[in-house]
Amino acid sequence: MTDLAPKYNPNEVEKGRYQEWLDEDLFKPSGDKKAHPYSIVIPPPNVTGKLHLGHAWDTAIQDTLIRFKRMEGYDTLYLPGMDHAGIATQAKVEAKLRKQGKDRHQMGREAFVKQVWDWKDEYANIIKGQWAKMGLSLDYSRERFTLDKGLSKAVRKVFVQLYNEGLIYRGEYIINWDPELQTALSDIEVIHKDDKGAFYHVKYPFADGSGFVEIATTRPETMFGDTAVAVAPGDERYKDIVGKELVLPLVGRHIPIIEDQHVDPEFGTGLVKITPAHDPNDFQVGNRHNLERINVMNDDGTMNEEAGKYAGMDRFEAREALVKDLKKEGYLIKVEPIVHSVGHSERSGVQVEPRLSKQWFVKMKPLAEEVLKNQKTDGKVNFVPERFEGTLNHWMEDVHDWVISRQLWWGHRIPAWYNKKTGETYVGEEAPKDIENWEQDPDVLDTWFSSALWPFSTLGWPDTDNPDFKRYFPTNTLVTGYDIIFFWVSRMIFQGLHFTKKRPFKDVVLHGLMRDEQGRKMSKSLGNGVDPMDVVDKYGADALRWFLLNGTAPGQDTRYDPKKLAAAWNFINKIWNASRFVIMNLPEDAKPAHMPDTTQFDLADSWIFDRLNHTVSEVTRLFDEYKFGEAGRELYNFIWNDFCDWYIEISKVALNGDDEELKARKQENLIWILDQILRLMHPIMPFVTEKLWLSMPHEGKSIMTAKYPETHAEFENKQADNDMAFLIEVIKAVRNIRMKVNAPMSSQIDIMIQLDDEANKHILDDNFEYVENFLHPKDLQVAADIEAPKLAKTAVIPGAQIFVPLTELVNVDDELKKMEKEEKRLEEEVQRAEKKLANQGFVAHAPEAVVNKEKEKKADYESQLAGVRERMKELKESK
């Protein structure tokens with residue numbers, strides 16, 4: 001047995017422990033083929049920077065599940081890995097290079113990509129260090145990266161197969177374009193924000209000189225790409241002008257007036273300019289009417305040669321200059337300020353530009369239908385909470401084709417080559433043999449394309465004979481935030497079903513967002529983020545994990561609260577002190593915990609073991625149902641209230657007594673319960689439980705591989721639970737009376753207990769040693785027909801009324817003298833406050849908060865004074 005410090009110090013407890021676990025290979029699967037497999041693949045963090053509290057929340061839940069299942073005897077695999085995060089990582093590296101005066105285009109693709117790999121190595125090491133501080137029991141021998149050789153092979157196979165199935169195609173389409181990063185974005189990489197803008201009302205003259213129509217647009221700079229003006233079919237206002245031509249202002253090009261169902265006749269003037277290369281709806285209109293597509297912008301958001309004299313200007317500068325010229329030439333009717341929702345790039349933050357571009361797409365409808373069909377079967381993915389299944393289904397029902405090509409250098413290169421001579425396209429897992437005649441597509445795949453394969457590509461797929469794939473796929477549980485159901489969860493499901501014919505995971509456990517103390521989302525702009533490693537340094541990893549698992553119910557947001565972290569540390573310190581007490585009271589030759597002899601139990605023993613049984617049963621059930629907050633409350637109540645506050649205190653009677661046999665039984669009971677508590681807590685608090693478990697008699701090299709507690713039929717004893725509850729209520733009631741009248745616990749007093757049921761008398765008779773020890777009665781009366789004294793402090797509890805004669809509690813004369821002094825002090829305080837509040841100068845000129853504070857003080861003193869006078873009245877009547 002090891003000496004334990006008087007106070008819990010997380011830094012000392014956690015130091016070096018993780019490396020010991022690694023050295024002993026405790027994180028690898030057991031290899032027991034008879035055991036049920038249980039696997040979790042970590043949601044791969046981006047190698048863009050350090051982990052945040054959301055990652056800590058994810059991994060705390062995952063590791064708790066893995067440790068729980070490992071102790072239950074499952075063959076567990078917790079597989080680590082990281083994501084290359086194409087756009088995000090390239091943006092970070094480019095920003096770093098800009099500060100050094102470098103540009104990726106000047107460096108060239110190969111040199112730039114080497115710089116990104118260096119960045120990846122640096123931040124991967126930082127992330128691994130953070131995983132270690134959190135205590136994650138990851139099998140690093142199976143660590144993966146989304147750009148490693150095996151995953152690259154999986155990505156190529158998926159791309160080629162989908163292409164051959166007609167589910168990947170290349171074509172021109174309106175996509176979301178990030179002018180800063182100069183790449184396409186998928187719909188879910190666009191964040192809509194309310195921006196100040198305007199409707200610009202512009203005259204479009206008829207080509208025959210017969211007047212003009214009024215067109216309203218929020219993006220006048222796209223006018224150069226207008227190829228028609230449309231009205232709703234059958235709109236009586238405009239039936240006579242359909243087919244006529246208009247002159248495009250400042251450009252002079254003639255464009256037709258057409259009819260199309262896209263136009264809402266109730267909106268605005270009912271006339272809409274059609275710009276097929278710069279609006280997704282206009283693109284569809286253009287297809288229906290065979291309109292020309294004119295792209296008016298460069299990749300960087302500047303205007304191109306189609307914009308005439310505005311070419312080379314930034315899009316917003318061009319807008320400003322164009323509006324001035326429209327006004328000058330008499331085309332501008334009015335400018336109507338508005339606030340409207342505008343798409344912004346999730347990564348760079350700039351306003352997204354819808355523009356025509358040739359990209360690679362995944363045809364989503366057939367894949368989405370597979371998911372929707374599967375969700376109606378027994379093999380569906382289960383969502384926790386269930387309501388988020390509706391989120392998945394809604395997205396799948398309203399899915400759009402997914403643009404998967406990105407104009408980046410960091411990522412999976414698209415496995416497509418174009419023949420330099422013939423223009424032929426070749427798509428394959430390997431490059432064409434006569435490579436000198438072919439040029440590979442310069443684009444890379446969307447990060448989510450490779451991340452969508454994560455649950456099976458990490459386990460060796462496409463090699464379906466890989467032992468890990470055969471044993472651990474499908475995985476059991478995915479833990480992630482509800483905010484990436486669209487980005488990631490949905491894509492893993494449809495790719496998993498399509499390529500493995502199985503769901504990629506059985507359950508998806510979704511948590512909410514971590515918010516600050518004021519309920520705001522944590523963000524760089526607000527500067528309210530919290531580094532989880534700073535929290536670990538201050539409170540310890542176990543305290544952070546306890547806070548994260550007990551913060552909220554599944555699917556709910558939670559607030560970061562330092563007070564709750566301090567409370568978590570305090571709870572661990574309580575466990576530490578209880579463990580220290582138990583260990584210090586063991587004999588030198590103490591044996592490891594073993595099943596106690598229930599035939600020798602007294603009431604307290606029978607009660608605590610019944611409570612232990614209940615706790616084990618409930619915590620196991622709640623863990624399996626992912627209700628960690630409820631499990632935490634069960635653990636807290638049992639450990640703090642039942643074990644520490646009551647059983648340990650009751651056991652001290654025997655431990656300090658002369659009955660050696662009784663003392664030995666209590667020691668055996670205490671070490672068993674402590675052993676079970678540490679095992680119950682280990683999945684959540686791995687460090688401190690390991691330290692304490694190794695500090696007492698034990699079998700095995702780590703609590704991590706110890707068996708998780710189970711219920712025992714012989715511990716069931718509901719009568720003991722009821723009887724002990726009655727005894728505890730009696731003790732608490734008398735203690736409360738003593739506290740109210742400042743009577744010390746050591747003084748003997750008369751106690752009268754009037755029972756509702758005489759049958760409960762045996763509880764106090766059989767446990768008189770505890771009654772005597774905790775209540776210190778001078779004279780104890782217990783009966784159903786007690787006559788209540790005239791002057792007494794009374795407490796009502798289930799099954800009884802308790803009376804303590806007032807004269808027994810205090811020396812009346814001494815107490816009256818104290819009360820008279822206190823009465824005088826409080827009278828003076830009330831008078832002082834009244835005088836201050838009567839001063840009109842103070843009330844008129846002092847801040848309102850100061851005046852209110854003084855009023856609160858006065859009311860408080862008056863309340864205290866009334867209480868003292870009531871107490872004095874009681875004392876005088878008792879004489």
# chains A, B, ... in the order shown; residues from 1 in each chain; ligands from 1
>>> residues_around(residues="stretch 543-559 of chain A", least_positions_apart="5", cutoff="9 Å", atoms="only C-alpha atoms", output="number ranges by chain")
A: 10, 53, 56-58, 60-61, 64, 134, 384-385, 388, 481-482, 509-520, 532, 535-536, 564-572, 626-633, 684-685
>>> residues_around(residues="A:Arg253", least_positions_apart="3", cutoff="10 Å", atoms="only C-alpha atoms", output="short mmCIF file (atom, residue, chain, number, x, y, z; two decimals) with N, CA, C and O atoms, in the first residue's frame")
data_model
loop_
_atom_site.label_atom_id
_atom_site.label_comp_id
_atom_site.auth_asym_id
_atom_site.auth_seq_id
_atom_site.Cartn_x
_atom_site.Cartn_y
_atom_site.Cartn_z
N ALA A 207 -35.51 48.06 -77.30
CA ALA A 207 -34.62 48.26 -78.46
C ALA A 207 -35.29 49.13 -79.52
O ALA A 207 -34.60 49.82 -80.30
N PHE A 224 -23.60 42.64 -66.69
CA PHE A 224 -22.84 42.36 -67.92
C PHE A 224 -23.06 40.92 -68.39
O PHE A 224 -22.78 40.60 -69.54
N ASP A 226 -26.15 39.48 -68.14
CA ASP A 226 -27.57 39.31 -68.42
C ASP A 226 -27.77 38.84 -69.86
O ASP A 226 -27.17 39.40 -70.80
N THR A 227 -28.62 37.82 -70.04
CA THR A 227 -28.91 37.36 -71.40
C THR A 227 -30.41 37.34 -71.69
O THR A 227 -30.83 36.93 -72.78
N GLU A 245 -37.28 42.98 -77.53
CA GLU A 245 -35.90 43.03 -77.07
C GLU A 245 -35.63 44.29 -76.28
O GLU A 245 -36.24 45.35 -76.53
N LEU A 246 -34.71 44.15 -75.31
CA LEU A 246 -34.28 45.27 -74.49
C LEU A 246 -32.81 45.54 -74.78
O LEU A 246 -32.07 44.66 -75.25
N VAL A 247 -32.39 46.77 -74.47
CA VAL A 247 -30.98 47.12 -74.62
C VAL A 247 -30.35 47.10 -73.21
O VAL A 247 -30.83 47.77 -72.30
N LEU A 248 -29.30 46.34 -73.07
CA LEU A 248 -28.62 46.24 -71.77
C LEU A 248 -27.92 47.57 -71.48
O LEU A 248 -27.06 48.01 -72.27
N PRO A 249 -28.28 48.25 -70.38
CA PRO A 249 -27.72 49.57 -70.07
C PRO A 249 -26.19 49.55 -70.04
O PRO A 249 -25.59 48.59 -69.52
N LEU A 250 -25.59 50.59 -70.58
CA LEU A 250 -24.14 50.82 -70.61
C LEU A 250 -23.39 49.79 -71.46
O LEU A 250 -22.20 49.92 -71.66
#
>>> select_by_dssp(residues="stretch 676-827 of chain A", states="helix (DSSP H, G or I)", output="ChimeraX atom specification")
/A:676-681,686-694,703-705,713-715,718-740,758-766,768-775,806-808,812-827
>>> closest_residue(among="A:Gln359, A:Thr425, A:Thr458, A:Gln864", to="A:Arg144", atoms="only C-alpha atoms")
A:Thr458
>>> select_by_dssp(residues="stretch 509-683 of chain A", states="strand (DSSP E or B)", output="PDB file with all heavy atoms, in the first residue's frame")
ATOM      1  N   VAL A 509     -24.365   9.218 -31.125  1.00  0.00           N
ATOM      2  CA  VAL A 509     -24.664   9.965 -29.905  1.00  0.00           C
ATOM      3  C   VAL A 509     -24.270  11.422 -30.154  1.00  0.00           C
ATOM      4  O   VAL A 509     -23.100  11.720 -30.407  1.00  0.00           O
ATOM      5  CB  VAL A 509     -23.888   9.400 -28.700  1.00  0.00           C
ATOM      6  CG1 VAL A 509     -24.206  10.207 -27.444  1.00  0.00           C
ATOM      7  CG2 VAL A 509     -24.235   7.936 -28.500  1.00  0.00           C
ATOM      8  N   LEU A 510     -25.251  12.293 -30.086  1.00  0.00           N
ATOM      9  CA  LEU A 510     -25.023  13.693 -30.443  1.00  0.00           C
ATOM     10  C   LEU A 510     -25.081  14.585 -29.210  1.00  0.00           C
ATOM     11  O   LEU A 510     -26.014  14.495 -28.404  1.00  0.00           O
ATOM     12  CB  LEU A 510     -26.073  14.151 -31.456  1.00  0.00           C
ATOM     13  CG  LEU A 510     -25.993  13.414 -32.806  1.00  0.00           C
ATOM     14  CD1 LEU A 510     -27.316  13.464 -33.523  1.00  0.00           C
ATOM     15  CD2 LEU A 510     -24.890  13.994 -33.666  1.00  0.00           C
ATOM     16  N   HIS A 511     -24.053  15.404 -29.044  1.00  0.00           N
ATOM     17  CA  HIS A 511     -24.090  16.416 -27.992  1.00  0.00           C
ATOM     18  C   HIS A 511     -24.260  17.783 -28.645  1.00  0.00           C
ATOM     19  O   HIS A 511     -24.216  17.916 -29.869  1.00  0.00           O
ATOM     20  CB  HIS A 511     -22.829  16.366 -27.122  1.00  0.00           C
ATOM     21  CG  HIS A 511     -21.554  16.607 -27.881  1.00  0.00           C
ATOM     22  ND1 HIS A 511     -21.182  17.854 -28.324  1.00  0.00           N
ATOM     23  CD2 HIS A 511     -20.563  15.757 -28.268  1.00  0.00           C
ATOM     24  CE1 HIS A 511     -20.027  17.765 -28.939  1.00  0.00           C
ATOM     25  NE2 HIS A 511     -19.627  16.498 -28.938  1.00  0.00           N
ATOM     26  N   MET A 514     -20.696  23.823 -26.954  1.00  0.00           N
ATOM     27  CA  MET A 514     -20.180  24.368 -25.705  1.00  0.00           C
ATOM     28  C   MET A 514     -20.254  25.891 -25.798  1.00  0.00           C
ATOM     29  O   MET A 514     -19.684  26.497 -26.698  1.00  0.00           O
ATOM     30  CB  MET A 514     -18.724  23.925 -25.491  1.00  0.00           C
ATOM     31  CG  MET A 514     -18.110  24.423 -24.196  1.00  0.00           C
ATOM     32  SD  MET A 514     -18.921  23.811 -22.714  1.00  0.00           S
ATOM     33  CE  MET A 514     -18.504  22.061 -22.810  1.00  0.00           C
ATOM     34  N   ARG A 515     -20.994  26.476 -24.856  1.00  0.00           N
ATOM     35  CA  ARG A 515     -21.163  27.933 -24.836  1.00  0.00           C
ATOM     36  C   ARG A 515     -20.444  28.524 -23.634  1.00  0.00           C
ATOM     37  O   ARG A 515     -20.061  27.810 -22.712  1.00  0.00           O
ATOM     38  CB  ARG A 515     -22.655  28.276 -24.812  1.00  0.00           C
ATOM     39  CG  ARG A 515     -23.394  27.754 -26.040  1.00  0.00           C
ATOM     40  CD  ARG A 515     -24.845  28.199 -26.087  1.00  0.00           C
ATOM     41  NE  ARG A 515     -25.508  27.718 -27.294  1.00  0.00           N
ATOM     42  CZ  ARG A 515     -25.455  28.335 -28.469  1.00  0.00           C
ATOM     43  NH1 ARG A 515     -24.795  29.474 -28.588  1.00  0.00           N
ATOM     44  NH2 ARG A 515     -26.079  27.838 -29.524  1.00  0.00           N
ATOM     45  N   LYS A 521     -22.110  31.363 -28.118  1.00  0.00           N
ATOM     46  CA  LYS A 521     -21.266  30.383 -28.786  1.00  0.00           C
ATOM     47  C   LYS A 521     -19.811  30.835 -28.676  1.00  0.00           C
ATOM     48  O   LYS A 521     -19.504  32.013 -28.826  1.00  0.00           O
ATOM     49  CB  LYS A 521     -21.666  30.261 -30.257  1.00  0.00           C
ATOM     50  CG  LYS A 521     -20.928  29.155 -31.005  1.00  0.00           C
ATOM     51  CD  LYS A 521     -21.449  29.012 -32.429  1.00  0.00           C
ATOM     52  CE  LYS A 521     -20.667  27.943 -33.183  1.00  0.00           C
ATOM     53  NZ  LYS A 521     -21.158  27.786 -34.577  1.00  0.00           N
ATOM     54  N   THR A 558     -24.374  23.151 -23.629  1.00  0.00           N
ATOM     55  CA  THR A 558     -24.009  23.349 -22.225  1.00  0.00           C
ATOM     56  C   THR A 558     -23.139  24.587 -22.097  1.00  0.00           C
ATOM     57  O   THR A 558     -22.554  25.049 -23.079  1.00  0.00           O
ATOM     58  CB  THR A 558     -23.288  22.117 -21.653  1.00  0.00           C
ATOM     59  OG1 THR A 558     -23.270  22.191 -20.232  1.00  0.00           O
ATOM     60  CG2 THR A 558     -21.853  22.013 -22.162  1.00  0.00           C
ATOM     61  N   ARG A 559     -23.074  25.108 -20.893  1.00  0.00           N
ATOM     62  CA  ARG A 559     -22.276  26.305 -20.637  1.00  0.00           C
ATOM     63  C   ARG A 559     -21.017  25.942 -19.865  1.00  0.00           C
ATOM     64  O   ARG A 559     -21.068  25.159 -18.918  1.00  0.00           O
ATOM     65  CB  ARG A 559     -23.082  27.332 -19.833  1.00  0.00           C
ATOM     66  CG  ARG A 559     -24.265  27.897 -20.588  1.00  0.00           C
ATOM     67  CD  ARG A 559     -24.907  29.037 -19.829  1.00  0.00           C
ATOM     68  NE  ARG A 559     -26.099  29.538 -20.520  1.00  0.00           N
ATOM     69  CZ  ARG A 559     -26.707  30.673 -20.221  1.00  0.00           C
ATOM     70  NH1 ARG A 559     -26.254  31.423 -19.221  1.00  0.00           N
ATOM     71  NH2 ARG A 559     -27.777  31.063 -20.885  1.00  0.00           N
TER      72      ARG A 559
END
>>> residues_around(residues="A:Gln754", least_positions_apart="2", cutoff="10 Å", atoms="only C-alpha atoms", output="list in words")
Ile751, Met752, Asp756, Asp757, Glu758, Lys761, Gln781, Val782, Ala783, Ala784, Asp785, Ile786, Glu787, Ala788, Val796, Gly799, Ala800, Gln801, Ile802 and Phe803 of chain A
>>> write_last_selection(atoms="C-alpha atoms", output="PDB file, in the first residue's frame")
ATOM      1  CA  ILE A 751     -34.944  13.332  22.972  1.00  0.00           C
ATOM      2  CA  MET A 752     -38.531  12.165  22.541  1.00  0.00           C
ATOM      3  CA  ASP A 756     -46.518   6.576  13.811  1.00  0.00           C
ATOM      4  CA  ASP A 757     -45.983   2.824  13.879  1.00  0.00           C
ATOM      5  CA  GLU A 758     -44.673   0.967  16.960  1.00  0.00           C
ATOM      6  CA  LYS A 761     -39.141   0.953  17.427  1.00  0.00           C
ATOM      7  CA  GLN A 781     -38.056   8.058  24.869  1.00  0.00           C
ATOM      8  CA  VAL A 782     -39.356   6.093  21.885  1.00  0.00           C
ATOM      9  CA  ALA A 783     -43.021   5.166  21.705  1.00  0.00           C
ATOM     10  CA  ALA A 784     -46.250   5.674  19.797  1.00  0.00           C
ATOM     11  CA  ASP A 785     -48.098   7.372  22.693  1.00  0.00           C
ATOM     12  CA  ILE A 786     -45.637  10.043  23.856  1.00  0.00           C
ATOM     13  CA  GLU A 787     -47.107  13.249  25.249  1.00  0.00           C
ATOM     14  CA  ALA A 788     -45.414  16.192  23.575  1.00  0.00           C
ATOM     15  CA  VAL A 796     -41.600  15.907  11.551  1.00  0.00           C
ATOM     16  CA  GLY A 799     -43.022   7.804  10.324  1.00  0.00           C
ATOM     17  CA  ALA A 800     -42.360   9.936  13.408  1.00  0.00           C
ATOM     18  CA  GLN A 801     -42.339  13.258  15.240  1.00  0.00           C
ATOM     19  CA  ILE A 802     -39.280  14.311  17.217  1.00  0.00           C
ATOM     20  CA  PHE A 803     -39.366  16.590  20.250  1.00  0.00           C
TER      21      PHE A 803
END
